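S.K.: Pasting data_19.cif below, which is mmCIF, C-alpha atoms, pLDDT in the B column; chains and numbers go by the auth columns.
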data_upload
#
loop_
_atom_site.group_PDB
_atom_site.id
_atom_site.type_symbol
_atom_site.label_atom_id
_atom_site.label_comp_id
_atom_site.label_asym_id
_atom_site.label_seq_id
_atom_site.Cartn_x
_atom_site.Cartn_y
_atom_site.Cartn_z
_atom_site.B_iso_or_equiv
_atom_site.auth_seq_id
_atom_site.auth_asym_id
ATOM 1 C CA MET A 1 172.455 147.363 31.689 45.00 1 A
ATOM 2 C CA SER A 2 174.382 148.412 28.668 59.00 2 A
ATOM 3 C CA THR A 3 174.274 152.178 28.868 89.00 3 A
ATOM 4 C CA PHE A 4 176.691 152.294 25.944 94.00 4 A
ATOM 5 C CA VAL A 5 174.187 150.674 23.554 95.00 5 A
ATOM 6 C CA GLU A 6 171.240 152.718 24.881 95.00 6 A
ATOM 7 C CA ARG A 7 173.101 155.975 24.450 95.00 7 A
ATOM 8 C CA LEU A 8 174.366 155.013 21.006 97.00 8 A
ATOM 9 C CA VAL A 9 170.923 154.061 19.702 96.00 9 A
ATOM 10 C CA SER A 10 169.127 157.063 21.198 96.00 10 A
ATOM 11 C CA ALA A 11 171.651 159.575 19.839 96.00 11 A
ATOM 12 C CA HIS A 12 171.017 158.418 16.238 97.00 12 A
ATOM 13 C CA THR A 13 174.731 158.396 15.573 98.00 13 A
ATOM 14 C CA ILE A 14 175.031 155.179 13.567 98.00 14 A
ATOM 15 C CA ALA A 15 176.100 154.913 9.939 98.00 15 A
ATOM 16 C CA VAL A 16 176.780 151.712 8.034 98.00 16 A
ATOM 17 C CA ARG A 17 178.752 150.835 4.926 98.00 17 A
ATOM 18 C CA ARG A 18 180.152 154.316 4.478 98.00 18 A
ATOM 19 C CA SER A 19 182.990 154.899 2.071 98.00 19 A
ATOM 20 C CA ALA A 20 185.989 156.796 3.386 98.00 20 A
ATOM 21 C CA GLY A 21 189.087 158.013 1.539 97.00 21 A
ATOM 22 C CA ASP A 22 191.411 157.552 4.515 97.00 22 A
ATOM 23 C CA TRP A 23 191.417 157.258 8.317 98.00 23 A
ATOM 24 C CA GLU A 24 190.894 160.973 8.868 98.00 24 A
ATOM 25 C CA ASP A 25 187.893 161.031 6.541 98.00 25 A
ATOM 26 C CA ALA A 26 186.402 158.091 8.451 98.00 26 A
ATOM 27 C CA VAL A 27 187.004 159.797 11.811 98.00 27 A
ATOM 28 C CA ARG A 28 185.509 163.078 10.554 98.00 28 A
ATOM 29 C CA GLN A 29 182.374 161.326 9.244 98.00 29 A
ATOM 30 C CA GLY A 30 181.626 159.806 12.640 98.00 30 A
ATOM 31 C CA GLY A 31 182.681 163.005 14.359 98.00 31 A
ATOM 32 C CA ALA A 32 180.192 165.016 12.314 98.00 32 A
ATOM 33 C CA MET A 33 177.365 162.805 13.632 98.00 33 A
ATOM 34 C CA MET A 34 178.484 163.371 17.218 98.00 34 A
ATOM 35 C CA VAL A 35 178.637 167.129 16.705 98.00 35 A
ATOM 36 C CA ALA A 36 175.201 167.141 15.030 98.00 36 A
ATOM 37 C CA ALA A 37 173.758 165.145 17.949 98.00 37 A
ATOM 38 C CA GLY A 38 175.099 167.709 20.413 98.00 38 A
ATOM 39 C CA LEU A 39 177.428 165.210 22.113 97.00 39 A
ATOM 40 C CA VAL A 40 180.691 167.015 21.474 98.00 40 A
ATOM 41 C CA GLU A 41 182.043 170.273 20.135 98.00 41 A
ATOM 42 C CA GLU A 42 183.850 170.353 16.812 98.00 42 A
ATOM 43 C CA ARG A 43 187.194 170.747 18.634 98.00 43 A
ATOM 44 C CA TYR A 44 186.792 167.266 20.154 98.00 44 A
ATOM 45 C CA ILE A 45 187.086 165.745 16.690 98.00 45 A
ATOM 46 C CA ASP A 46 190.065 167.982 15.904 98.00 46 A
ATOM 47 C CA ALA A 47 191.701 166.713 19.106 97.00 47 A
ATOM 48 C CA ILE A 48 191.241 163.078 18.029 97.00 48 A
ATOM 49 C CA VAL A 49 192.797 163.777 14.630 97.00 49 A
ATOM 50 C CA GLU A 50 195.647 165.769 16.176 97.00 50 A
ATOM 51 C CA ASN A 51 196.367 163.067 18.792 94.00 51 A
ATOM 52 C CA HIS A 52 196.483 160.416 16.103 95.00 52 A
ATOM 53 C CA LYS A 53 198.936 162.499 14.093 95.00 53 A
ATOM 54 C CA THR A 54 201.174 163.248 17.095 94.00 54 A
ATOM 55 C CA ILE A 55 201.176 160.061 19.130 89.00 55 A
ATOM 56 C CA GLY A 56 200.062 157.467 16.603 90.00 56 A
ATOM 57 C CA PRO A 57 197.112 155.110 16.333 90.00 57 A
ATOM 58 C CA TYR A 58 196.485 154.705 20.076 89.00 58 A
ATOM 59 C CA PHE A 59 192.792 154.042 19.594 93.00 59 A
ATOM 60 C CA VAL A 60 193.010 151.069 17.225 94.00 60 A
ATOM 61 C CA ILE A 61 192.108 148.396 19.753 94.00 61 A
ATOM 62 C CA ALA A 62 191.442 145.151 17.888 94.00 62 A
ATOM 63 C CA PRO A 63 191.789 143.724 14.373 95.00 63 A
ATOM 64 C CA GLY A 64 189.756 146.007 12.114 97.00 64 A
ATOM 65 C CA ILE A 65 188.368 148.080 14.972 97.00 65 A
ATOM 66 C CA ALA A 66 189.134 151.633 16.075 97.00 66 A
ATOM 67 C CA MET A 67 187.739 153.494 19.065 96.00 67 A
ATOM 68 C CA PRO A 68 188.342 157.178 18.311 96.00 68 A
ATOM 69 C CA HIS A 69 188.204 159.286 21.468 95.00 69 A
ATOM 70 C CA ALA A 70 190.026 162.095 23.227 94.00 70 A
ATOM 71 C CA LYS A 71 190.011 163.407 26.783 91.00 71 A
ATOM 72 C CA PRO A 72 186.762 164.708 28.319 92.00 72 A
ATOM 73 C CA ASP A 73 188.090 168.263 28.577 94.00 73 A
ATOM 74 C CA LYS A 74 188.540 168.494 24.800 96.00 74 A
ATOM 75 C CA GLY A 75 184.924 169.525 24.250 97.00 75 A
ATOM 76 C CA VAL A 76 182.592 166.757 25.408 97.00 76 A
ATOM 77 C CA LEU A 77 179.073 168.108 26.071 97.00 77 A
ATOM 78 C CA GLN A 78 177.442 164.845 27.195 95.00 78 A
ATOM 79 C CA THR A 79 178.589 161.243 27.322 95.00 79 A
ATOM 80 C CA GLY A 80 177.791 159.624 24.003 96.00 80 A
ATOM 81 C CA TYR A 81 178.877 157.360 21.213 97.00 81 A
ATOM 82 C CA ALA A 82 178.825 156.909 17.438 98.00 82 A
ATOM 83 C CA LEU A 83 179.288 153.886 15.209 98.00 83 A
ATOM 84 C CA VAL A 84 180.523 153.876 11.633 98.00 84 A
ATOM 85 C CA THR A 85 181.130 150.799 9.521 98.00 85 A
ATOM 86 C CA LEU A 86 183.008 151.106 6.238 98.00 86 A
ATOM 87 C CA SER A 87 182.309 149.301 2.988 97.00 87 A
ATOM 88 C CA GLU A 88 186.047 149.216 2.381 97.00 88 A
ATOM 89 C CA ALA A 89 188.536 149.150 5.240 98.00 89 A
ATOM 90 C CA VAL A 90 191.150 151.921 5.563 98.00 90 A
ATOM 91 C CA GLU A 91 194.669 151.960 7.051 98.00 91 A
ATOM 92 C CA PHE A 92 195.185 153.655 10.425 97.00 92 A
ATOM 93 C CA GLY A 93 198.915 152.963 10.661 96.00 93 A
ATOM 94 C CA ASP A 94 198.596 150.154 13.209 93.00 94 A
ATOM 95 C CA GLU A 95 200.554 147.157 11.913 90.00 95 A
ATOM 96 C CA GLU A 96 198.780 144.688 14.106 90.00 96 A
ATOM 97 C CA ASN A 97 195.177 145.704 13.528 95.00 97 A
ATOM 98 C CA ASP A 98 194.973 147.387 10.119 97.00 98 A
ATOM 99 C CA PRO A 99 192.911 147.752 8.018 98.00 99 A
ATOM 100 C CA VAL A 100 189.970 149.141 9.970 98.00 100 A
ATOM 101 C CA ASP A 101 186.323 148.909 8.972 98.00 101 A
ATOM 102 C CA ILE A 102 184.539 149.441 12.299 98.00 102 A
ATOM 103 C CA LEU A 103 184.813 152.721 14.196 98.00 103 A
ATOM 104 C CA ILE A 104 183.222 153.079 17.606 97.00 104 A
ATOM 105 C CA PHE A 105 183.467 156.675 18.819 97.00 105 A
ATOM 106 C CA ALA A 106 183.347 157.522 22.477 95.00 106 A
ATOM 107 C CA GLY A 107 183.046 160.857 24.221 95.00 107 A
ATOM 108 C CA ALA A 108 182.738 160.770 27.999 93.00 108 A
ATOM 109 C CA ILE A 109 181.886 163.737 30.176 93.00 109 A
ATOM 110 C CA ASN A 110 184.473 162.719 32.769 90.00 110 A
ATOM 111 C CA GLN A 111 187.290 160.239 33.288 82.00 111 A
ATOM 112 C CA GLN A 112 185.121 158.050 35.493 80.00 112 A
ATOM 113 C CA GLU A 113 182.444 157.468 32.839 84.00 113 A
ATOM 114 C CA HIS A 114 185.186 156.930 30.304 84.00 114 A
ATOM 115 C CA ASN A 115 186.940 154.239 32.367 80.00 115 A
ATOM 116 C CA GLN A 116 183.909 152.560 33.877 81.00 116 A
ATOM 117 C CA GLU A 117 181.317 152.752 31.108 85.00 117 A
ATOM 118 C CA ALA A 118 182.834 153.510 27.715 87.00 118 A
ATOM 119 C CA ILE A 119 186.009 151.460 27.882 88.00 119 A
ATOM 120 C CA PRO A 120 184.753 148.187 29.427 89.00 120 A
ATOM 121 C CA GLN A 121 181.515 148.051 27.413 91.00 121 A
ATOM 122 C CA ILE A 122 183.149 148.824 24.085 94.00 122 A
ATOM 123 C CA ALA A 123 185.929 146.340 24.862 94.00 123 A
ATOM 124 C CA GLU A 124 183.251 143.768 25.634 93.00 124 A
ATOM 125 C CA LEU A 125 181.689 144.303 22.201 95.00 125 A
ATOM 126 C CA CYS A 126 185.035 144.268 20.387 95.00 126 A
ATOM 127 C CA ASP A 127 186.095 141.080 22.166 94.00 127 A
ATOM 128 C CA SER A 128 183.076 139.233 20.762 94.00 128 A
ATOM 129 C CA GLU A 129 183.685 138.101 17.212 94.00 129 A
ATOM 130 C CA THR A 130 180.045 137.045 16.828 95.00 130 A
ATOM 131 C CA TYR A 131 178.796 140.602 17.224 97.00 131 A
ATOM 132 C CA THR A 132 181.595 142.433 15.446 97.00 132 A
ATOM 133 C CA GLU A 133 181.173 140.142 12.424 97.00 133 A
ATOM 134 C CA ALA A 134 177.412 140.759 12.481 98.00 134 A
ATOM 135 C CA LEU A 135 178.034 144.526 12.607 97.00 135 A
ATOM 136 C CA ARG A 136 180.312 144.294 9.578 97.00 136 A
ATOM 137 C CA LYS A 137 177.554 142.515 7.680 97.00 137 A
ATOM 138 C CA ALA A 138 174.772 144.903 8.699 98.00 138 A
ATOM 139 C CA LEU A 139 173.464 146.602 5.556 97.00 139 A
ATOM 140 C CA SER A 140 171.207 149.117 7.267 98.00 140 A
ATOM 141 C CA ILE A 141 171.124 151.166 10.449 98.00 141 A
ATOM 142 C CA ASP A 142 168.203 149.046 11.682 98.00 142 A
ATOM 143 C CA GLU A 143 170.216 145.868 11.219 98.00 143 A
ATOM 144 C CA ALA A 144 173.115 147.393 13.133 98.00 144 A
ATOM 145 C CA ILE A 145 170.769 148.420 15.974 97.00 145 A
ATOM 146 C CA LEU A 146 169.403 144.885 16.119 97.00 146 A
ATOM 147 C CA VAL A 147 172.938 143.490 16.473 97.00 147 A
ATOM 148 C CA LEU A 148 173.749 146.024 19.197 97.00 148 A
ATOM 149 C CA ARG A 149 170.595 145.140 21.133 96.00 149 A
ATOM 150 C CA GLN A 150 171.385 141.419 20.871 95.00 150 A
ATOM 151 C CA PHE A 151 174.865 142.149 22.184 95.00 151 A
ATOM 152 C CA ALA A 152 173.415 144.218 25.048 94.00 152 A
ATOM 153 C CA SER A 153 171.014 141.405 26.041 93.00 153 A
ATOM 154 C CA ALA A 154 173.802 138.829 25.917 93.00 154 A
ATOM 155 C CA MET A 155 176.031 141.046 28.037 90.00 155 A
ATOM 156 C CA GLU A 156 173.304 141.658 30.614 87.00 156 A
ATOM 157 C CA ALA A 157 172.518 137.964 30.755 88.00 157 A
ATOM 158 C CA GLY A 158 176.203 137.248 31.336 84.00 158 A
ATOM 159 C CA GLU A 159 176.306 135.089 28.226 83.00 159 A
ATOM 160 C CA LEU A 160 179.473 136.630 26.864 80.00 160 A
ATOM 161 C CA GLU A 161 182.826 135.078 27.569 64.00 161 A
ATOM 162 C CA MET B 1 206.816 133.095 39.340 95.00 1 B
ATOM 163 C CA ILE B 2 206.676 136.472 41.021 96.00 2 B
ATOM 164 C CA THR B 3 203.504 138.234 42.049 96.00 3 B
ATOM 165 C CA GLN B 4 203.001 141.759 43.242 96.00 4 B
ATOM 166 C CA GLU B 5 200.010 143.786 44.349 95.00 5 B
ATOM 167 C CA ILE B 6 200.107 147.294 42.980 93.00 6 B
ATOM 168 C CA GLU B 7 197.959 150.320 43.584 93.00 7 B
ATOM 169 C CA VAL B 8 197.374 152.078 40.272 91.00 8 B
ATOM 170 C CA THR B 9 198.417 155.684 40.699 88.00 9 B
ATOM 171 C CA ASN B 10 198.269 156.691 37.046 82.00 10 B
ATOM 172 C CA PRO B 11 195.452 159.302 37.200 80.00 11 B
ATOM 173 C CA GLU B 12 193.944 158.022 33.969 77.00 12 B
ATOM 174 C CA GLY B 13 193.767 154.464 35.243 79.00 13 B
ATOM 175 C CA LEU B 14 194.527 151.855 32.625 80.00 14 B
ATOM 176 C CA HIS B 15 192.424 153.113 29.740 77.00 15 B
ATOM 177 C CA THR B 16 193.334 152.883 26.082 82.00 16 B
ATOM 178 C CA ARG B 17 196.624 154.737 25.878 83.00 17 B
ATOM 179 C CA PRO B 18 198.291 153.470 29.050 85.00 18 B
ATOM 180 C CA ALA B 19 196.785 150.025 28.430 89.00 19 B
ATOM 181 C CA ASN B 20 198.290 150.013 24.958 88.00 20 B
ATOM 182 C CA ALA B 21 201.673 150.949 26.416 88.00 21 B
ATOM 183 C CA PHE B 22 201.264 148.200 29.018 93.00 22 B
ATOM 184 C CA VAL B 23 200.474 145.548 26.385 94.00 23 B
ATOM 185 C CA LYS B 24 203.414 146.603 24.196 92.00 24 B
ATOM 186 C CA GLU B 25 205.707 146.276 27.214 94.00 25 B
ATOM 187 C CA VAL B 26 204.265 142.843 28.070 96.00 26 B
ATOM 188 C CA LYS B 27 204.969 141.624 24.546 95.00 27 B
ATOM 189 C CA ALA B 28 208.589 142.748 24.808 96.00 28 B
ATOM 190 C CA PHE B 29 209.243 140.137 27.509 97.00 29 B
ATOM 191 C CA ALA B 30 209.469 136.385 27.235 97.00 30 B
ATOM 192 C CA SER B 31 207.703 135.844 30.570 97.00 31 B
ATOM 193 C CA ALA B 32 204.051 134.835 30.811 97.00 32 B
ATOM 194 C CA ILE B 33 202.309 137.807 32.377 98.00 33 B
ATOM 195 C CA THR B 34 198.842 138.228 33.824 97.00 34 B
ATOM 196 C CA ILE B 35 197.026 141.104 35.480 97.00 35 B
ATOM 197 C CA ALA B 36 194.098 140.656 37.836 97.00 36 B
ATOM 198 C CA LYS B 37 191.513 142.906 39.467 95.00 37 B
ATOM 199 C CA ASN B 38 188.865 141.742 41.942 93.00 38 B
ATOM 200 C CA GLY B 39 189.764 138.129 41.307 93.00 39 B
ATOM 201 C CA THR B 40 189.441 138.352 37.525 95.00 40 B
ATOM 202 C CA GLU B 41 192.744 137.457 35.924 97.00 41 B
ATOM 203 C CA VAL B 42 193.453 138.226 32.260 97.00 42 B
ATOM 204 C CA PRO B 43 196.449 137.753 29.953 97.00 43 B
ATOM 205 C CA GLY B 44 198.718 140.803 29.981 96.00 44 B
ATOM 206 C CA LYS B 45 198.955 140.774 26.204 95.00 45 B
ATOM 207 C CA SER B 46 195.219 141.148 25.582 94.00 46 B
ATOM 208 C CA LEU B 47 194.319 144.820 25.280 93.00 47 B
ATOM 209 C CA LEU B 48 190.574 144.155 25.118 93.00 48 B
ATOM 210 C CA LYS B 49 190.536 141.909 28.166 94.00 49 B
ATOM 211 C CA ILE B 50 192.503 144.495 30.142 93.00 50 B
ATOM 212 C CA MET B 51 190.097 147.220 28.998 92.00 51 B
ATOM 213 C CA LYS B 52 187.202 145.082 30.222 91.00 52 B
ATOM 214 C CA LEU B 53 188.624 145.173 33.741 91.00 53 B
ATOM 215 C CA GLY B 54 187.923 148.928 33.816 88.00 54 B
ATOM 216 C CA ILE B 55 190.978 149.772 35.899 89.00 55 B
ATOM 217 C CA VAL B 56 190.878 153.248 37.455 86.00 56 B
ATOM 218 C CA GLN B 57 193.241 155.250 39.632 86.00 57 B
ATOM 219 C CA GLY B 58 193.247 153.863 43.150 90.00 58 B
ATOM 220 C CA ASP B 59 192.435 150.286 42.114 92.00 59 B
ATOM 221 C CA THR B 60 194.658 147.533 43.392 95.00 60 B
ATOM 222 C CA VAL B 61 195.712 145.031 40.759 96.00 61 B
ATOM 223 C CA THR B 62 197.803 141.890 40.992 97.00 62 B
ATOM 224 C CA LEU B 63 200.583 141.384 38.479 97.00 63 B
ATOM 225 C CA SER B 64 202.118 137.955 37.931 98.00 64 B
ATOM 226 C CA CYS B 65 205.186 137.307 35.809 98.00 65 B
ATOM 227 C CA GLU B 66 206.697 133.923 35.127 97.00 66 B
ATOM 228 C CA GLY B 67 209.761 133.288 32.998 97.00 67 B
ATOM 229 C CA SER B 68 213.437 133.984 32.546 97.00 68 B
ATOM 230 C CA ASP B 69 213.018 137.770 32.553 97.00 69 B
ATOM 231 C CA GLU B 70 210.282 137.957 35.192 97.00 70 B
ATOM 232 C CA SER B 71 211.933 140.503 37.472 97.00 71 B
ATOM 233 C CA ASP B 72 212.742 142.912 34.624 97.00 72 B
ATOM 234 C CA ALA B 73 209.188 142.532 33.345 97.00 73 B
ATOM 235 C CA MET B 74 207.721 143.228 36.760 97.00 74 B
ATOM 236 C CA LYS B 75 209.841 146.345 37.168 96.00 75 B
ATOM 237 C CA ALA B 76 208.875 147.748 33.763 95.00 76 B
ATOM 238 C CA LEU B 77 205.161 147.084 34.200 95.00 77 B
ATOM 239 C CA VAL B 78 204.965 148.545 37.688 93.00 78 B
ATOM 240 C CA THR B 79 206.498 151.725 36.258 91.00 79 B
ATOM 241 C CA ILE B 80 203.640 152.041 33.770 89.00 80 B
ATOM 242 C CA LEU B 81 200.936 151.433 36.367 89.00 81 B
ATOM 243 C CA GLN B 82 202.474 153.985 38.678 86.00 82 B
ATOM 244 C CA SER B 83 203.401 156.668 36.164 80.00 83 B
ATOM 245 C CA ASP B 84 201.840 160.064 36.763 67.00 84 B
ATOM 246 C CA GLY B 85 200.190 160.049 33.353 55.00 85 B
ATOM 247 C CA THR B 86 202.085 163.065 32.071 49.00 86 B
ATOM 248 C CA GLY B 87 203.149 162.985 28.488 42.00 87 B
ATOM 249 C CA SER B 88 200.251 160.809 27.398 40.00 88 B
#
Would you encode the structure as structure tokens?
M.R.:
Amino acid sequence: MSTFVERLVSAHTIAVRRSAGDWEDAVRQGGAMMVAAGLVEERYIDAIVENHKTIGPYFVIAPGIAMPHAKPDKGVLQTGYALVTLSEAVEFGDEENDPVDILIFAGAINQQEHNQEAIPQIAELCDSETYTEALRKALSIDEAILVLRQFASAMEAGELE
Amino acid sequence: MITQEIEVTNPEGLHTRPANAFVKEVKAFASAITIAKNGTEVPGKSLLKIMKLGIVQGDTVTLSCEGSDESDAMKALVTILQSDGTGS
């Protein structure tokens, strides 16, 4: 059961083909959706931006894909996610994986949900080129949801690599 | 080839930041390195595949290193898995 996809779809925190001036703008756009959905406090997004500035792009996890997140105690209200795709990719300062055009935000209420739900399920999605390519091509939120549900079914059926 | 079973004591497990540090360290060595949990073995240089293992504090993982610098690699990687997580 992909709790990640269920939570993401039910929180209405998906935006596609956004335009962003730079990495911080992209992070703030997704962050605003999480705050509006009551998943995190504003300071959680500030923590992500601050962490990136101090320790570098630790959350860029695959070519073109970032997973912005901070620690649970930085203002997470309930475990949740957001997805933003960009019409034009932006640089995050990660030589290997720049530029980024998919952002999958995670906010977990505790370390356990972060390590056992958020991380493995998002990594599963990012490791599947079929679904990340389909997400990049999605022109509407409904199309993106369809892709996510197809991914969730494939994962549950054990059809992913 | 050398193999070692290690209990992960890093309180954050091997999530993004420590996993990233782990992968960077793996790439610095010439040896072929794998990490396994519950019988699932993945390449040490693949961040996503390591993330999929969902390694948490208290898990036992098996590290294997094979190559000219295998003992140095093993030493460096064990340090990351057993760090106390401070400073990250």
S.K.: May I have a table of the residues of chain B lying at most 12 Å from chain A, giving each one's closest pair of atoms and their distance in Å to one decimal, counting only C-alpha atoms, ordered by chain and ascending residue number, as JSON lines?
M.R.:
{"residue": "B:Pro11", "atom": "CA", "partner": "A:Gln111", "partner_atom": "CA", "distance": 9.1}
{"residue": "B:Glu12", "atom": "CA", "partner": "A:Gln111", "partner_atom": "CA", "distance": 7.0}
{"residue": "B:Gly13", "atom": "CA", "partner": "A:Asn115", "partner_atom": "CA", "distance": 7.4}
{"residue": "B:Leu14", "atom": "CA", "partner": "A:Asn115", "partner_atom": "CA", "distance": 8.0}
{"residue": "B:His15", "atom": "CA", "partner": "A:Asn115", "partner_atom": "CA", "distance": 6.2}
{"residue": "B:Thr16", "atom": "CA", "partner": "A:Phe59", "partner_atom": "CA", "distance": 6.6}
{"residue": "B:Arg17", "atom": "CA", "partner": "A:Tyr58", "partner_atom": "CA", "distance": 5.8}
{"residue": "B:Pro18", "atom": "CA", "partner": "A:Tyr58", "partner_atom": "CA", "distance": 9.2}
{"residue": "B:Ala19", "atom": "CA", "partner": "A:Tyr58", "partner_atom": "CA", "distance": 9.6}
{"residue": "B:Asn20", "atom": "CA", "partner": "A:Tyr58", "partner_atom": "CA", "distance": 7.0}
{"residue": "B:Ala21", "atom": "CA", "partner": "A:Tyr58", "partner_atom": "CA", "distance": 9.0}
{"residue": "B:Val23", "atom": "CA", "partner": "A:Ile61", "partner_atom": "CA", "distance": 11.0}
{"residue": "B:Lys24", "atom": "CA", "partner": "A:Glu96", "partner_atom": "CA", "distance": 11.3}
{"residue": "B:Ser46", "atom": "CA", "partner": "A:Ala62", "partner_atom": "CA", "distance": 9.5}
{"residue": "B:Leu47", "atom": "CA", "partner": "A:Ile61", "partner_atom": "CA", "distance": 6.9}
{"residue": "B:Leu48", "atom": "CA", "partner": "A:Ala123", "partner_atom": "CA", "distance": 5.1}
{"residue": "B:Lys49", "atom": "CA", "partner": "A:Ala123", "partner_atom": "CA", "distance": 7.2}
{"residue": "B:Ile50", "atom": "CA", "partner": "A:Pro120", "partner_atom": "CA", "distance": 8.6}
{"residue": "B:Met51", "atom": "CA", "partner": "A:Pro120", "partner_atom": "CA", "distance": 5.4}
{"residue": "B:Lys52", "atom": "CA", "partner": "A:Pro120", "partner_atom": "CA", "distance": 4.0}
{"residue": "B:Leu53", "atom": "CA", "partner": "A:Pro120", "partner_atom": "CA", "distance": 6.5}
{"residue": "B:Gly54", "atom": "CA", "partner": "A:Gln116", "partner_atom": "CA", "distance": 5.4}
{"residue": "B:Ile55", "atom": "CA", "partner": "A:Asn115", "partner_atom": "CA", "distance": 7.0}
{"residue": "B:Val56", "atom": "CA", "partner": "A:Asn115", "partner_atom": "CA", "distance": 6.5}
{"residue": "B:Gln57", "atom": "CA", "partner": "A:Gln112", "partner_atom": "CA", "distance": 9.5}
{"residue": "B:Gly58", "atom": "CA", "partner": "A:Gln112", "partner_atom": "CA", "distance": 11.9}
{"residue": "B:Asp59", "atom": "CA", "partner": "A:Asn115", "partner_atom": "CA", "distance": 11.9}
{"residue": "B:Gly87", "atom": "CA", "partner": "A:Ile55", "partner_atom": "CA", "distance": 10.0}
{"residue": "B:Ser88", "atom": "CA", "partner": "A:Ile55", "partner_atom": "CA", "distance": 8.4}
S.K.: Would you list the contacts of stretch 28-33 of chain B as an MDAnalysis selection string, taking every protein, DNA or RNA residue within 12 Å and counting all atoms listed in the file, but skipping same-chain residues closer than 4 positions in sequence?
M.R.: chainID B and resid 1:4 21:24 41:46 62:77
S.K.: Can I get the selection written as a PDB file, keeping the file's coordinate frame, with C-alpha atoms?
M.R.:
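Saved result, out_14.pdb, follows:
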ATOM      1  CA  MET B   1     206.816 133.095  39.340  1.00 95.00           C
ATOM      2  CA  ILE B   2     206.676 136.472  41.021  1.00 96.00           C
ATOM      3  CA  THR B   3     203.504 138.234  42.049  1.00 96.00           C
ATOM      4  CA  GLN B   4     203.001 141.759  43.242  1.00 96.00           C
ATOM      5  CA  ALA B  21     201.673 150.949  26.416  1.00 88.00           C
ATOM      6  CA  PHE B  22     201.264 148.200  29.018  1.00 93.00           C
ATOM      7  CA  VAL B  23     200.474 145.548  26.385  1.00 94.00           C
ATOM      8  CA  LYS B  24     203.414 146.603  24.196  1.00 92.00           C
ATOM      9  CA  GLU B  41     192.744 137.457  35.924  1.00 97.00           C
ATOM     10  CA  VAL B  42     193.453 138.226  32.260  1.00 97.00           C
ATOM     11  CA  PRO B  43     196.449 137.753  29.953  1.00 97.00           C
ATOM     12  CA  GLY B  44     198.718 140.803  29.981  1.00 96.00           C
ATOM     13  CA  LYS B  45     198.955 140.774  26.204  1.00 95.00           C
ATOM     14  CA  SER B  46     195.219 141.148  25.582  1.00 94.00           C
ATOM     15  CA  THR B  62     197.803 141.890  40.992  1.00 97.00           C
ATOM     16  CA  LEU B  63     200.583 141.384  38.479  1.00 97.00           C
ATOM     17  CA  SER B  64     202.118 137.955  37.931  1.00 98.00           C
ATOM     18  CA  CYS B  65     205.186 137.307  35.809  1.00 98.00           C
ATOM     19  CA  GLU B  66     206.697 133.923  35.127  1.00 97.00           C
ATOM     20  CA  GLY B  67     209.761 133.288  32.998  1.00 97.00           C
ATOM     21  CA  SER B  68     213.437 133.984  32.546  1.00 97.00           C
ATOM     22  CA  ASP B  69     213.018 137.770  32.553  1.00 97.00           C
ATOM     23  CA  GLU B  70     210.282 137.957  35.192  1.00 97.00           C
ATOM     24  CA  SER B  71     211.933 140.503  37.472  1.00 97.00           C
ATOM     25  CA  ASP B  72     212.742 142.912  34.624  1.00 97.00           C
ATOM     26  CA  ALA B  73     209.188 142.532  33.345  1.00 97.00           C
ATOM     27  CA  MET B  74     207.721 143.228  36.760  1.00 97.00           C
ATOM     28  CA  LYS B  75     209.841 146.345  37.168  1.00 96.00           C
ATOM     29  CA  ALA B  76     208.875 147.748  33.763  1.00 95.00           C
ATOM     30  CA  LEU B  77     205.161 147.084  34.200  1.00 95.00           C
TER      31      LEU B  77
END
S.K.: If we count all atoms listed in the file, what is near A:Ala134 at a cut-off of 10 Å, once residues fewer than 3 positions away on the same chain are taken out, given as a ChimeraX atom specification?
M.R.: /A:129-131,137-139,143-144,146-148
S.K.: Could you tell me which residues the PyMOL selection byres ((chain A and resi 2-13) around 8) returns for this structure, as a PDB file with C-alpha atoms, in the coordinates of the input?
M.R.:
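Generated file (result-v3.pdb):
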ATOM      1  CA  MET A   1     172.455 147.363  31.689  1.00 45.00           C
ATOM      2  CA  ILE A  14     175.031 155.179  13.567  1.00 98.00           C
ATOM      3  CA  ALA A  15     176.100 154.913   9.939  1.00 98.00           C
ATOM      4  CA  GLY A  30     181.626 159.806  12.640  1.00 98.00           C
ATOM      5  CA  MET A  33     177.365 162.805  13.632  1.00 98.00           C
ATOM      6  CA  MET A  34     178.484 163.371  17.218  1.00 98.00           C
ATOM      7  CA  ALA A  37     173.758 165.145  17.949  1.00 98.00           C
ATOM      8  CA  GLY A  80     177.791 159.624  24.003  1.00 96.00           C
ATOM      9  CA  TYR A  81     178.877 157.360  21.213  1.00 97.00           C
ATOM     10  CA  ALA A  82     178.825 156.909  17.438  1.00 98.00           C
ATOM     11  CA  LEU A  83     179.288 153.886  15.209  1.00 98.00           C
ATOM     12  CA  GLU A 117     181.317 152.752  31.108  1.00 85.00           C
ATOM     13  CA  ALA A 118     182.834 153.510  27.715  1.00 87.00           C
ATOM     14  CA  GLN A 121     181.515 148.051  27.413  1.00 91.00           C
ATOM     15  CA  ILE A 122     183.149 148.824  24.085  1.00 94.00           C
ATOM     16  CA  ILE A 145     170.769 148.420  15.974  1.00 97.00           C
ATOM     17  CA  LEU A 148     173.749 146.024  19.197  1.00 97.00           C
ATOM     18  CA  ARG A 149     170.595 145.140  21.133  1.00 96.00           C
ATOM     19  CA  ALA A 152     173.415 144.218  25.048  1.00 94.00           C
ATOM     20  CA  MET A 155     176.031 141.046  28.037  1.00 90.00           C
ATOM     21  CA  GLU A 156     173.304 141.658  30.614  1.00 87.00           C
TER      22      GLU A 156
END
S.K.: Using atom CA of A:Glu96 and atom CA of B:Ser83 as the two end points, give the distance in Å to one decimal.
M.R.: 25.5 Å
S.K.: Go through A:Gly158, A:Pro63, A:Gly107, A:Gly21 and flag the residue nearest A:Val76, using all atoms listed in the file for the distances.
M.R.: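 For A:Val76, the nearest of the given residues is A:Gly107.
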